[in-house]
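Q: Handing over start-v1.csv, CSV, N, CA and C atoms.
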```csv
chain,number,residue,atom,x,y,z
A,1,GLN,N,0.8,-1.2,0.0
A,1,GLN,CA,0.0,0.0,0.0
A,1,GLN,C,0.9,1.2,0.0
A,2,VAL,N,0.4,2.2,-0.8
A,2,VAL,CA,1.1,3.5,-0.9
A,2,VAL,C,0.1,4.6,-0.6
A,3,GLN,N,0.5,5.5,0.2
A,3,GLN,CA,-0.4,6.7,0.5
A,3,GLN,C,0.3,7.9,-0.1
A,4,LEU,N,-0.5,8.7,-0.9
A,4,LEU,CA,0.0,9.9,-1.5
A,4,LEU,C,-1.0,11.1,-1.0
A,5,VAL,N,-0.4,12.1,-0.5
A,5,VAL,CA,-1.1,13.2,0.0
A,5,VAL,C,-0.6,14.5,-0.7
A,6,GLU,N,-1.5,15.1,-1.5
A,6,GLU,CA,-1.2,16.4,-2.1
A,6,GLU,C,-1.6,17.6,-1.3
A,7,SER,N,-0.9,18.7,-1.6
A,7,SER,CA,-1.3,19.9,-0.9
A,7,SER,C,-0.8,21.1,-1.8
A,8,GLY,N,-1.2,22.3,-1.5
A,8,GLY,CA,-0.7,23.5,-2.2
A,8,GLY,C,-1.6,24.1,-3.2
A,9,GLY,N,-2.7,23.4,-3.5
A,9,GLY,CA,-3.7,24.0,-4.4
A,9,GLY,C,-4.3,25.3,-3.9
A,10,GLY,N,-5.1,25.9,-4.8
A,10,GLY,CA,-5.8,27.1,-4.4
A,10,GLY,C,-6.3,27.9,-5.6
A,11,SER,N,-6.7,29.1,-5.3
A,11,SER,CA,-7.2,30.0,-6.4
A,11,SER,C,-6.2,31.1,-6.6
A,12,VAL,N,-5.8,31.2,-7.9
A,12,VAL,CA,-4.8,32.2,-8.2
A,12,VAL,C,-5.2,32.9,-9.5
A,13,GLN,N,-4.6,34.1,-9.8
A,13,GLN,CA,-4.9,34.8,-11.0
A,13,GLN,C,-3.9,34.4,-12.1
A,14,PRO,N,-4.3,34.6,-13.4
A,14,PRO,CA,-3.4,34.3,-14.5
A,14,PRO,C,-2.1,35.0,-14.3
A,15,GLY,N,-1.0,34.3,-14.6
A,15,GLY,CA,0.3,34.8,-14.5
A,15,GLY,C,1.0,34.6,-13.1
A,16,GLU,N,0.2,34.2,-12.2
A,16,GLU,CA,0.8,34.0,-10.8
A,16,GLU,C,1.4,32.6,-10.7
A,17,SER,N,2.0,32.3,-9.6
A,17,SER,CA,2.7,31.0,-9.3
A,17,SER,C,2.0,30.2,-8.2
A,18,LEU,N,2.3,28.9,-8.2
A,18,LEU,CA,1.8,28.0,-7.2
A,18,LEU,C,2.7,26.9,-7.1
A,19,ARG,N,2.9,26.3,-5.9
A,19,ARG,CA,3.7,25.1,-5.8
A,19,ARG,C,2.9,24.0,-5.1
A,20,LEU,N,2.8,22.9,-5.8
A,20,LEU,CA,2.1,21.8,-5.3
A,20,LEU,C,3.1,20.8,-4.7
A,21,SER,N,2.7,20.1,-3.6
A,21,SER,CA,3.5,19.1,-3.0
A,21,SER,C,2.7,17.8,-2.9
A,22,CYS,N,3.5,16.7,-2.9
A,22,CYS,CA,2.9,15.4,-2.7
A,22,CYS,C,3.8,14.5,-1.9
A,23,VAL,N,3.3,14.1,-0.7
A,23,VAL,CA,4.1,13.3,0.2
A,23,VAL,C,3.7,11.9,0.1
A,24,ALA,N,4.7,11.0,-0.1
A,24,ALA,CA,4.4,9.6,-0.3
A,24,ALA,C,4.8,8.8,1.0
A,25,SER,N,4.1,7.8,1.3
A,25,SER,CA,4.4,6.9,2.4
A,25,SER,C,3.8,5.5,2.1
A,26,GLY,N,4.3,4.5,2.9
A,26,GLY,CA,3.7,3.2,2.7
A,26,GLY,C,4.7,2.1,3.2
A,27,SER,N,4.1,1.1,3.7
A,27,SER,CA,4.9,-0.1,4.1
A,27,SER,C,5.5,-0.8,2.9
A,28,GLY,N,6.8,-1.0,2.9
A,28,GLY,CA,7.4,-1.6,1.8
A,28,GLY,C,7.7,-0.8,0.5
A,29,PHE,N,7.4,0.5,0.7
A,29,PHE,CA,7.5,1.4,-0.4
A,29,PHE,C,8.7,2.3,-0.2
A,30,THR,N,9.7,2.3,-1.1
A,30,THR,CA,10.9,3.1,-1.0
A,30,THR,C,10.8,4.2,-2.0
A,31,PHE,N,10.5,5.4,-1.6
A,31,PHE,CA,10.2,6.5,-2.5
A,31,PHE,C,11.3,6.7,-3.5
A,32,LYS,N,12.5,6.7,-3.1
A,32,LYS,CA,13.6,7.1,-3.9
A,32,LYS,C,13.9,6.2,-5.1
A,33,LEU,N,13.2,5.0,-5.1
A,33,LEU,CA,13.3,4.1,-6.2
A,33,LEU,C,12.3,4.3,-7.3
A,34,TYR,N,11.4,5.1,-7.2
A,34,TYR,CA,10.2,5.2,-8.1
A,34,TYR,C,10.1,6.5,-8.9
A,35,TYR,N,9.7,6.3,-10.1
A,35,TYR,CA,9.3,7.4,-11.0
A,35,TYR,C,8.0,7.9,-10.5
A,36,MET,N,7.9,9.2,-10.5
A,36,MET,CA,6.7,9.9,-9.9
A,36,MET,C,6.1,10.8,-11.0
A,37,ASN,N,4.8,10.9,-11.0
A,37,ASN,CA,4.0,11.7,-12.0
A,37,ASN,C,3.1,12.7,-11.3
A,38,TRP,N,2.8,13.7,-12.0
A,38,TRP,CA,1.7,14.6,-11.7
A,38,TRP,C,0.7,14.5,-12.9
A,39,TYR,N,-0.6,14.4,-12.5
A,39,TYR,CA,-1.7,14.4,-13.5
A,39,TYR,C,-2.6,15.5,-13.1
A,40,ARG,N,-3.5,15.8,-14.1
A,40,ARG,CA,-4.6,16.7,-13.8
A,40,ARG,C,-5.8,16.3,-14.5
A,41,GLN,N,-7.0,16.7,-13.9
A,41,GLN,CA,-8.3,16.3,-14.5
A,41,GLN,C,-9.3,17.4,-14.3
A,42,THR,N,-10.0,17.7,-15.4
A,42,THR,CA,-11.1,18.6,-15.3
A,42,THR,C,-12.4,17.8,-15.5
A,43,PRO,N,-13.6,18.4,-15.0
A,43,PRO,CA,-14.8,17.7,-15.1
A,43,PRO,C,-15.2,17.2,-16.5
A,44,GLY,N,-15.5,16.0,-16.7
A,44,GLY,CA,-15.9,15.5,-18.0
A,44,GLY,C,-14.8,15.0,-18.9
A,45,LYS,N,-13.5,15.2,-18.4
A,45,LYS,CA,-12.4,14.8,-19.2
A,45,LYS,C,-11.6,13.7,-18.4
A,46,GLU,N,-10.8,13.0,-19.2
A,46,GLU,CA,-9.9,12.0,-18.6
A,46,GLU,C,-8.7,12.7,-17.9
A,47,ARG,N,-8.2,12.0,-17.0
A,47,ARG,CA,-7.0,12.4,-16.3
A,47,ARG,C,-5.8,12.5,-17.3
A,48,ALA,N,-5.1,13.6,-17.3
A,48,ALA,CA,-4.0,13.8,-18.3
A,48,ALA,C,-2.7,14.0,-17.6
A,49,LEU,N,-1.6,13.4,-18.1
A,49,LEU,CA,-0.3,13.5,-17.6
A,49,LEU,C,0.2,14.9,-17.7
A,50,VAL,N,0.8,15.5,-16.7
A,50,VAL,CA,1.3,16.8,-16.7
A,50,VAL,C,2.8,16.8,-16.8
A,51,ALA,N,3.4,16.0,-15.8
A,51,ALA,CA,4.9,15.9,-15.7
A,51,ALA,C,5.3,14.6,-15.0
A,52,GLY,N,6.5,14.2,-15.3
A,52,GLY,CA,7.0,13.0,-14.6
A,52,GLY,C,8.5,13.2,-14.3
A,53,ILE,N,9.0,12.5,-13.3
A,53,ILE,CA,10.4,12.7,-12.8
A,53,ILE,C,10.9,11.3,-12.5
A,54,SER,N,12.2,11.1,-12.9
A,54,SER,CA,12.8,9.8,-12.6
A,54,SER,C,13.1,9.7,-11.1
A,55,SER,N,13.6,8.5,-10.7
A,55,SER,CA,13.8,8.3,-9.3
A,55,SER,C,14.9,9.2,-8.7
A,56,THR,N,15.9,9.5,-9.5
A,56,THR,CA,16.9,10.3,-8.9
A,56,THR,C,16.7,11.8,-9.2
A,57,GLY,N,15.7,12.1,-10.0
A,57,GLY,CA,15.4,13.5,-10.4
A,57,GLY,C,16.2,14.0,-11.6
A,58,SER,N,17.0,13.1,-12.2
A,58,SER,CA,17.9,13.5,-13.3
A,58,SER,C,17.2,13.6,-14.6
A,59,SER,N,16.0,13.0,-14.7
A,59,SER,CA,15.2,13.1,-15.9
A,59,SER,C,13.8,13.5,-15.7
A,60,THR,N,13.3,14.4,-16.5
A,60,THR,CA,11.9,14.9,-16.3
A,60,THR,C,11.3,14.9,-17.7
A,61,GLN,N,9.9,14.9,-17.6
A,61,GLN,CA,9.2,15.1,-18.9
A,61,GLN,C,8.0,15.9,-18.6
A,62,TYR,N,7.5,16.6,-19.6
A,62,TYR,CA,6.3,17.5,-19.5
A,62,TYR,C,5.4,17.4,-20.7
A,63,THR,N,4.2,17.6,-20.4
A,63,THR,CA,3.3,17.7,-21.6
A,63,THR,C,3.5,19.1,-22.2
A,64,ASP,N,3.3,19.2,-23.5
A,64,ASP,CA,3.7,20.4,-24.2
A,64,ASP,C,3.1,21.7,-23.7
A,65,SER,N,1.9,21.6,-23.2
A,65,SER,CA,1.2,22.9,-22.8
A,65,SER,C,1.8,23.5,-21.5
A,66,VAL,N,2.7,22.8,-20.8
A,66,VAL,CA,3.2,23.3,-19.6
A,66,VAL,C,4.8,23.5,-19.7
A,67,LYS,N,5.4,23.1,-20.8
A,67,LYS,CA,6.8,23.2,-20.9
A,67,LYS,C,7.2,24.7,-20.8
A,68,GLY,N,8.2,24.9,-20.0
A,68,GLY,CA,8.7,26.3,-19.8
A,68,GLY,C,8.0,27.0,-18.7
A,69,ARG,N,6.9,26.5,-18.2
A,69,ARG,CA,6.1,27.2,-17.2
A,69,ARG,C,6.1,26.3,-15.9
A,70,PHE,N,6.1,25.0,-16.0
A,70,PHE,CA,6.0,24.1,-14.8
A,70,PHE,C,7.3,23.4,-14.7
A,71,THR,N,7.7,23.1,-13.4
A,71,THR,CA,8.9,22.4,-13.1
A,71,THR,C,8.5,21.3,-12.1
A,72,ILE,N,8.9,20.1,-12.4
A,72,ILE,CA,8.7,19.0,-11.4
A,72,ILE,C,10.0,18.7,-10.8
A,73,SER,N,10.0,18.5,-9.5
A,73,SER,CA,11.2,18.2,-8.7
A,73,SER,C,10.9,17.2,-7.6
A,74,ARG,N,11.9,16.7,-6.9
A,74,ARG,CA,11.6,15.8,-5.8
A,74,ARG,C,12.7,16.0,-4.7
A,75,ASP,N,12.3,15.6,-3.5
A,75,ASP,CA,13.3,15.5,-2.4
A,75,ASP,C,13.1,14.1,-1.8
A,76,ASN,N,14.1,13.3,-2.1
A,76,ASN,CA,14.0,11.9,-1.7
A,76,ASN,C,14.2,11.7,-0.2
A,77,ASP,N,14.8,12.7,0.4
A,77,ASP,CA,14.9,12.6,1.9
A,77,ASP,C,13.6,12.9,2.6
A,78,LYS,N,12.7,13.7,1.9
A,78,LYS,CA,11.4,14.0,2.5
A,78,LYS,C,10.3,13.2,1.8
A,79,ASN,N,10.6,12.3,1.0
A,79,ASN,CA,9.6,11.5,0.3
A,79,ASN,C,8.5,12.4,-0.4
A,80,THR,N,9.0,13.4,-1.0
A,80,THR,CA,8.1,14.4,-1.6
A,80,THR,C,8.4,14.8,-3.0
A,81,VAL,N,7.4,14.9,-3.8
A,81,VAL,CA,7.5,15.4,-5.2
A,81,VAL,C,6.8,16.7,-5.3
A,82,TYR,N,7.3,17.6,-6.0
A,82,TYR,CA,6.8,19.0,-6.2
A,82,TYR,C,6.4,19.3,-7.6
A,83,LEU,N,5.5,20.2,-7.8
A,83,LEU,CA,5.2,20.8,-9.1
A,83,LEU,C,5.1,22.3,-8.9
A,84,GLN,N,6.1,23.0,-9.4
A,84,GLN,CA,6.2,24.4,-9.4
A,84,GLN,C,5.5,24.9,-10.6
A,85,MET,N,4.4,25.7,-10.4
A,85,MET,CA,3.6,26.2,-11.5
A,85,MET,C,3.8,27.7,-11.6
A,86,ASN,N,4.4,28.1,-12.7
A,86,ASN,CA,4.6,29.5,-12.9
A,86,ASN,C,3.8,30.0,-14.1
A,87,LYS,N,3.5,31.3,-14.2
A,87,LYS,CA,2.7,31.8,-15.3
A,87,LYS,C,1.5,31.0,-15.6
A,88,VAL,N,0.7,30.7,-14.6
A,88,VAL,CA,-0.4,29.9,-14.8
A,88,VAL,C,-1.5,30.6,-15.7
A,89,GLU,N,-2.2,29.7,-16.3
A,89,GLU,CA,-3.3,30.2,-17.3
A,89,GLU,C,-4.6,29.6,-16.9
A,90,PRO,N,-5.7,30.2,-17.3
A,90,PRO,CA,-7.0,29.6,-17.0
A,90,PRO,C,-7.1,28.1,-17.4
A,91,GLY,N,-6.4,27.7,-18.5
A,91,GLY,CA,-6.5,26.3,-18.9
A,91,GLY,C,-5.8,25.4,-18.0
A,92,ASP,N,-5.1,25.9,-17.0
A,92,ASP,CA,-4.4,25.0,-16.0
A,92,ASP,C,-5.4,24.7,-14.9
A,93,THR,N,-6.6,25.2,-14.9
A,93,THR,CA,-7.6,24.9,-13.8
A,93,THR,C,-7.9,23.4,-13.9
A,94,ALA,N,-7.7,22.7,-12.8
A,94,ALA,CA,-8.0,21.3,-12.7
A,94,ALA,C,-7.7,20.8,-11.3
A,95,VAL,N,-8.1,19.5,-11.1
A,95,VAL,CA,-7.6,18.8,-9.9
A,95,VAL,C,-6.3,18.1,-10.2
A,96,TYR,N,-5.3,18.4,-9.4
A,96,TYR,CA,-4.0,17.9,-9.7
A,96,TYR,C,-3.7,16.7,-8.7
A,97,SER,N,-3.2,15.6,-9.2
A,97,SER,CA,-3.0,14.4,-8.4
A,97,SER,C,-1.6,13.9,-8.7
A,98,CYS,N,-0.9,13.4,-7.7
A,98,CYS,CA,0.3,12.7,-8.0
A,98,CYS,C,0.1,11.2,-8.1
A,99,ASN,N,1.0,10.5,-8.7
A,99,ASN,CA,0.8,9.1,-9.1
A,99,ASN,C,2.1,8.4,-9.0
A,100,VAL,N,2.0,7.1,-8.6
A,100,VAL,CA,3.2,6.2,-8.7
A,100,VAL,C,2.6,4.8,-9.0
A,101,ARG,N,3.4,4.1,-9.7
A,101,ARG,CA,3.1,2.7,-10.0
A,101,ARG,C,4.1,1.8,-9.1
A,102,HIS,N,3.5,1.1,-8.2
A,102,HIS,CA,4.3,0.2,-7.3
A,102,HIS,C,3.7,-1.2,-7.3
A,103,ALA,N,4.6,-2.2,-7.6
A,103,ALA,CA,4.1,-3.6,-7.6
A,103,ALA,C,3.0,-3.8,-8.6
A,104,GLY,N,3.0,-3.1,-9.7
A,104,GLY,CA,2.0,-3.2,-10.7
A,104,GLY,C,0.7,-2.5,-10.5
A,105,ILE,N,0.6,-1.7,-9.4
A,105,ILE,CA,-0.6,-1.0,-9.1
A,105,ILE,C,-0.4,0.5,-9.2
A,106,ASP,N,-1.3,1.2,-9.8
A,106,ASP,CA,-1.2,2.6,-9.8
A,106,ASP,C,-1.9,3.2,-8.6
A,107,TYR,N,-1.2,4.0,-7.9
A,107,TYR,CA,-1.7,4.7,-6.7
A,107,TYR,C,-1.8,6.2,-7.0
A,108,TRP,N,-2.9,6.8,-6.4
A,108,TRP,CA,-3.2,8.2,-6.6
A,108,TRP,C,-3.5,8.8,-5.3
A,109,GLY,N,-3.2,10.1,-5.2
A,109,GLY,CA,-3.6,10.9,-4.0
A,109,GLY,C,-5.1,11.3,-4.2
A,110,GLN,N,-5.6,12.1,-3.3
A,110,GLN,CA,-6.9,12.6,-3.3
A,110,GLN,C,-7.1,13.8,-4.2
A,111,GLY,N,-5.9,14.4,-4.6
A,111,GLY,CA,-5.9,15.5,-5.5
A,111,GLY,C,-6.0,16.8,-4.7
A,112,THR,N,-5.6,17.9,-5.4
A,112,THR,CA,-5.7,19.2,-4.9
A,112,THR,C,-6.2,20.1,-6.0
A,113,GLN,N,-7.1,21.0,-5.7
A,113,GLN,CA,-7.8,21.8,-6.7
A,113,GLN,C,-6.9,23.1,-7.0
A,114,VAL,N,-6.7,23.3,-8.3
A,114,VAL,CA,-6.1,24.5,-8.7
A,114,VAL,C,-7.1,25.3,-9.6
A,115,THR,N,-7.4,26.5,-9.2
A,115,THR,CA,-8.3,27.3,-10.0
A,115,THR,C,-7.6,28.6,-10.4
A,116,VAL,N,-7.5,28.9,-11.7
A,116,VAL,CA,-6.9,30.1,-12.3
A,116,VAL,C,-8.0,30.9,-12.9
A,117,SER,N,-8.2,32.1,-12.3
A,117,SER,CA,-9.2,33.0,-12.8
A,117,SER,C,-8.9,34.4,-12.4
A,118,SER,N,-9.3,35.3,-13.3
A,118,SER,CA,-9.2,36.7,-13.0
A,118,SER,C,-10.4,37.3,-12.4
```
I need this file expressed as structure tokens, please.
A:
Amino acid sequence: QVQLVESGGGSVQPGESLRLSCVASGSGFTFKLYYMNWYRQTPGKERALVAGISSTGSSTQYTDSVKGRFTISRDNDKNTVYLQMNKVEPGDTAVYSCNVRHAGIDYWGQGTQVTVSS
């Protein structure tokens, strides 16, 4: 079992910044060994991958719409993955969730709402 707890969401205006955090825990789960992802979902749409980061943090990937604005990072000593969101846009409004695949099972947090509106 893996528990993922996100935080840091909120309401911001276009152009502002926000940092999301996701703390991972679980018996038999060694955070530093796993690739971590951030996804987002809006009502009526499927969950979409936003960014991913390798176990050491040396490799990252982003969906095109957030490249140059969002940065994923991790602190393996704190079992935490972050998503720094800069220059946010109304299209970034969504519930953001972190994800990890452990022992063949996808785990998700409860999500944190990000609303971008003027």
Q: Go through A:Val12, A:Val81, A:Leu33, A:Ala94 and flag the residue nearest Thr56 of chain A, using only N, CA and C atoms for the distances.
A: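 Comparing A:Val12, A:Val81, A:Leu33, A:Ala94 against Thr56 of chain A, the winner is A:Leu33.
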Q: Tell me, in Å to one decimal, how far atom CA of Thr93 of chain A is from atom CA of Ser7 of chain A.
A: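 Pair atom CA of Thr93 of chain A / atom CA of Ser7 of chain A returns 15.2 Å.
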Q: Within chain A, find each residue whose DSSP state, derived from the backbone, is strand (DSSP E), and express the selection as number ranges by chain.
A: A: 3-7, 10-12, 18-25, 36-41, 48-53, 60-62, 70-75, 80-85, 94-102, 105-108, 112-116
Q: What is the atom CA of Ile53 of chain A-atom CA of Pro90 of chain A distance in Å, reported with one decimal?
A: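 Atom CA of Pro90 of chain A lies at a distance of 24.6 Å from atom CA of Ile53 of chain A.
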Q: Tell me, as a list of chain:residue names, which residues lie within 6 Å of Pro14 of chain A, counting all atoms listed in the file; anything in the same chain fewer than 5 positions away does not count.
A: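 Residues near the query, excluding close chain neighbours: A:Lys87, A:Val88, A:Glu89, A:Pro90, A:Val116, A:Ser117, A:Ser118.
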Q: For atom C of Thr71 of chain A and atom C of Tyr35 of chain A, quote the distance in Å rounded to one decimal.
A: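 That distance, rounded to one decimal, is 13.5 Å.
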